[in-house]
Structures are given as structure tokens and as C-alpha cells.
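*Asks:* Take this structure first; my questions come after.
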Amino acid sequence: MKSVKVVTEAEYALRIEACMACPALQSGSTCQYCGCLVHLKAKVRASKCPFPYEPKWPTIVALETRLPKQT
């Protein structure tokens, strides 16, 4: 079985926050654009937000300013 890389809990929380506020969220769990269950898709590191023209998930640069510093 292939191992899947996942995001940190802090990055996951930011992604889910964006999904929950997105107008393309259907039934509180499914993305209108890709049909994925957002709680699963947001956990996978390689996943991208499919919202057209303006992805809703924070970019890596934006994340660096919002996530707590690791020591």
C-alpha cells in the first residue's frame, strides 16, 4: 500500500476553515468542483483547491505567516 503524505494539523485547520466558508461547498462535506469530500481532500498534502481562478486554500507563503513557528 502506498503511503500518503498529509499536512500538519494547523494547515489542515486552515484548509477546512476555507472550505467551510466556500460557496461551492455542498451539504457541508462535498466540493462542487471536484466532487471530493473536503475533510479527506484537505488532509492530503498534494491536494489543491479546485475553485476556479481563485483557489481558497492559503498558499505556502500565506501559511508561513499564519502558522506558529516551529522550534
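A note on labels: chains of the C-alpha cells are A, B, ... as shown, every chain counts residues from 1, and ligands are counted from 1 in their shown order.
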Using DSSP secondary structure from the backbone, list all helix (DSSP H, G or I) positions within chain A, as a VMD selection string.
*Replies:* chain A and resid 9 to 21 38 to 41 60 to 66
*Asks:* Could you pull out the strand (DSSP E) residues of segment 22-53 of chain A, going by DSSP on the backbone, and write them as a list in words?
*Replies:*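 Everything in segment 22-53 of chain A that counts as strand (DSSP E) is Leu25, Gln26, Thr30 and Cys31 of chain A.
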*Asks:* Output the selection as a PDB file, in the first residue's frame - C-alpha atoms for each residue.
*Replies:*
ATOM      1  CA  LEU A  25     -19.402  23.543  -0.512  1.00  0.00           C
ATOM      2  CA  GLN A  26     -22.395  21.246  -0.873  1.00  0.00           C
ATOM      3  CA  THR A  30     -18.589  17.915  -0.721  1.00  0.00           C
ATOM      4  CA  CYS A  31     -16.785  20.227  -3.138  1.00  0.00           C
TER       5      CYS A  31
END
*Asks:* Can you work out which one of A:Cys22, A:Glu11, A:Ser27, A:Cys36 has the shortest atom-to-atom distance to Glu54 of chain A, counting only C-alpha atoms?
*Replies:*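 Closest to Glu54 of chain A of all the choices is A:Cys22.
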*Asks:* Work out how far atom CA of Ala46 of chain A is from atom CA of Thr8 of chain A, in Å to one decimal.
*Replies:*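 Spanning atom CA of Thr8 of chain A to atom CA of Ala46 of chain A is a straight-line distance of 12.5 Å.
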*Asks:* Set the distance at 12 Å and use only C-alpha atoms: which residues neighbour Ala13 of chain A once local chain neighbours fewer than 2 positions away are removed? I'd like the list as a PDB file with N, CA and C atoms, in the first residue's frame.
*Replies:*
ATOM      1  N   VAL A   7      -0.869  16.909   5.542  1.00  0.00           N
ATOM      2  CA  VAL A   7      -0.485  18.240   6.028  1.00  0.00           C
ATOM      3  C   VAL A   7      -0.470  18.234   7.562  1.00  0.00           C
ATOM      4  N   THR A   8       0.094  19.283   8.137  1.00  0.00           N
ATOM      5  CA  THR A   8       0.084  19.426   9.591  1.00  0.00           C
ATOM      6  C   THR A   8      -1.347  19.719  10.053  1.00  0.00           C
ATOM      7  N   GLU A   9      -1.594  19.550  11.339  1.00  0.00           N
ATOM      8  CA  GLU A   9      -2.923  19.848  11.878  1.00  0.00           C
ATOM      9  C   GLU A   9      -3.283  21.321  11.684  1.00  0.00           C
ATOM     10  N   ALA A  10      -2.287  22.208  11.828  1.00  0.00           N
ATOM     11  CA  ALA A  10      -2.548  23.640  11.660  1.00  0.00           C
ATOM     12  C   ALA A  10      -2.917  23.967  10.209  1.00  0.00           C
ATOM     13  N   GLU A  11      -2.210  23.379   9.255  1.00  0.00           N
ATOM     14  CA  GLU A  11      -2.519  23.618   7.840  1.00  0.00           C
ATOM     15  C   GLU A  11      -3.878  23.017   7.493  1.00  0.00           C
ATOM     16  N   ARG A  15      -7.190  24.905   5.899  1.00  0.00           N
ATOM     17  CA  ARG A  15      -7.859  24.427   4.684  1.00  0.00           C
ATOM     18  C   ARG A  15      -9.344  24.188   4.941  1.00  0.00           C
ATOM     19  N   ILE A  16      -9.655  23.519   6.047  1.00  0.00           N
ATOM     20  CA  ILE A  16     -11.058  23.233   6.375  1.00  0.00           C
ATOM     21  C   ILE A  16     -11.829  24.526   6.624  1.00  0.00           C
ATOM     22  N   GLU A  17     -11.200  25.477   7.278  1.00  0.00           N
ATOM     23  CA  GLU A  17     -11.836  26.782   7.515  1.00  0.00           C
ATOM     24  C   GLU A  17     -12.224  27.425   6.183  1.00  0.00           C
ATOM     25  N   ALA A  18     -11.316  27.353   5.204  1.00  0.00           N
ATOM     26  CA  ALA A  18     -11.594  27.910   3.873  1.00  0.00           C
ATOM     27  C   ALA A  18     -12.728  27.143   3.191  1.00  0.00           C
ATOM     28  N   CYS A  19     -12.715  25.830   3.304  1.00  0.00           N
ATOM     29  CA  CYS A  19     -13.764  25.011   2.681  1.00  0.00           C
ATOM     30  C   CYS A  19     -15.142  25.302   3.287  1.00  0.00           C
ATOM     31  N   MET A  20     -15.201  25.419   4.599  1.00  0.00           N
ATOM     32  CA  MET A  20     -16.472  25.654   5.269  1.00  0.00           C
ATOM     33  C   MET A  20     -17.068  27.017   4.896  1.00  0.00           C
ATOM     34  N   VAL A  38     -14.416  17.134   1.352  1.00  0.00           N
ATOM     35  CA  VAL A  38     -13.388  18.114   1.701  1.00  0.00           C
ATOM     36  C   VAL A  38     -12.574  17.718   2.929  1.00  0.00           C
ATOM     37  N   HIS A  39     -13.157  17.000   3.886  1.00  0.00           N
ATOM     38  CA  HIS A  39     -12.417  16.609   5.081  1.00  0.00           C
ATOM     39  C   HIS A  39     -11.300  15.623   4.754  1.00  0.00           C
ATOM     40  N   ALA A  42      -8.631  17.814   2.102  1.00  0.00           N
ATOM     41  CA  ALA A  42      -7.844  18.830   2.792  1.00  0.00           C
ATOM     42  C   ALA A  42      -6.687  18.233   3.575  1.00  0.00           C
ATOM     43  N   LYS A  43      -6.755  16.975   3.902  1.00  0.00           N
ATOM     44  CA  LYS A  43      -5.707  16.308   4.678  1.00  0.00           C
ATOM     45  C   LYS A  43      -4.509  15.902   3.816  1.00  0.00           C
ATOM     46  N   TRP A  57      -7.646  27.759  -0.631  1.00  0.00           N
ATOM     47  CA  TRP A  57      -6.674  27.355   0.374  1.00  0.00           C
ATOM     48  C   TRP A  57      -5.507  28.314   0.381  1.00  0.00           C
ATOM     49  N   PRO A  58      -4.981  28.606   1.564  1.00  0.00           N
ATOM     50  CA  PRO A  58      -3.834  29.513   1.657  1.00  0.00           C
ATOM     51  C   PRO A  58      -2.631  28.947   0.918  1.00  0.00           C
ATOM     52  N   LEU A  63       0.722  30.683   4.435  1.00  0.00           N
ATOM     53  CA  LEU A  63       0.758  29.780   5.578  1.00  0.00           C
ATOM     54  C   LEU A  63       1.905  30.116   6.519  1.00  0.00           C
ATOM     55  N   ARG A  66       0.871  32.639   8.929  1.00  0.00           N
ATOM     56  CA  ARG A  66      -0.252  32.323   9.814  1.00  0.00           C
ATOM     57  C   ARG A  66       0.020  31.171  10.780  1.00  0.00           C
ATOM     58  N   LEU A  67       0.940  30.269  10.411  1.00  0.00           N
ATOM     59  CA  LEU A  67       1.219  29.130  11.255  1.00  0.00           C
ATOM     60  C   LEU A  67       2.190  29.491  12.365  1.00  0.00           C
TER      61      LEU A  67
END
*Asks:* Which distance in Å separates atom CA of Pro52 of chain A and atom CA of Ala21 of chain A, to one decimal?
*Replies:*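 Atom CA of Ala21 of chain A lies at a distance of 15.5 Å from atom CA of Pro52 of chain A.
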*Asks:* Could you tell me how far atom CA of Ser29 of chain A lies from atom CA of Pro55 of chain A, in Å and to one decimal?
*Replies:*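 About the pair atom CA of Ser29 of chain A and atom CA of Pro55 of chain A: they are 17.3 Å apart.
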*Asks:* Would you pick out the contacts of Tyr33 of chain A at 8 Å or less, using only C-alpha atoms, so that residues sharing its chain but fewer than 4 positions from it are not included, and give the list as a PyMOL selection string?
*Replies:* chain A and resi 24+50-51
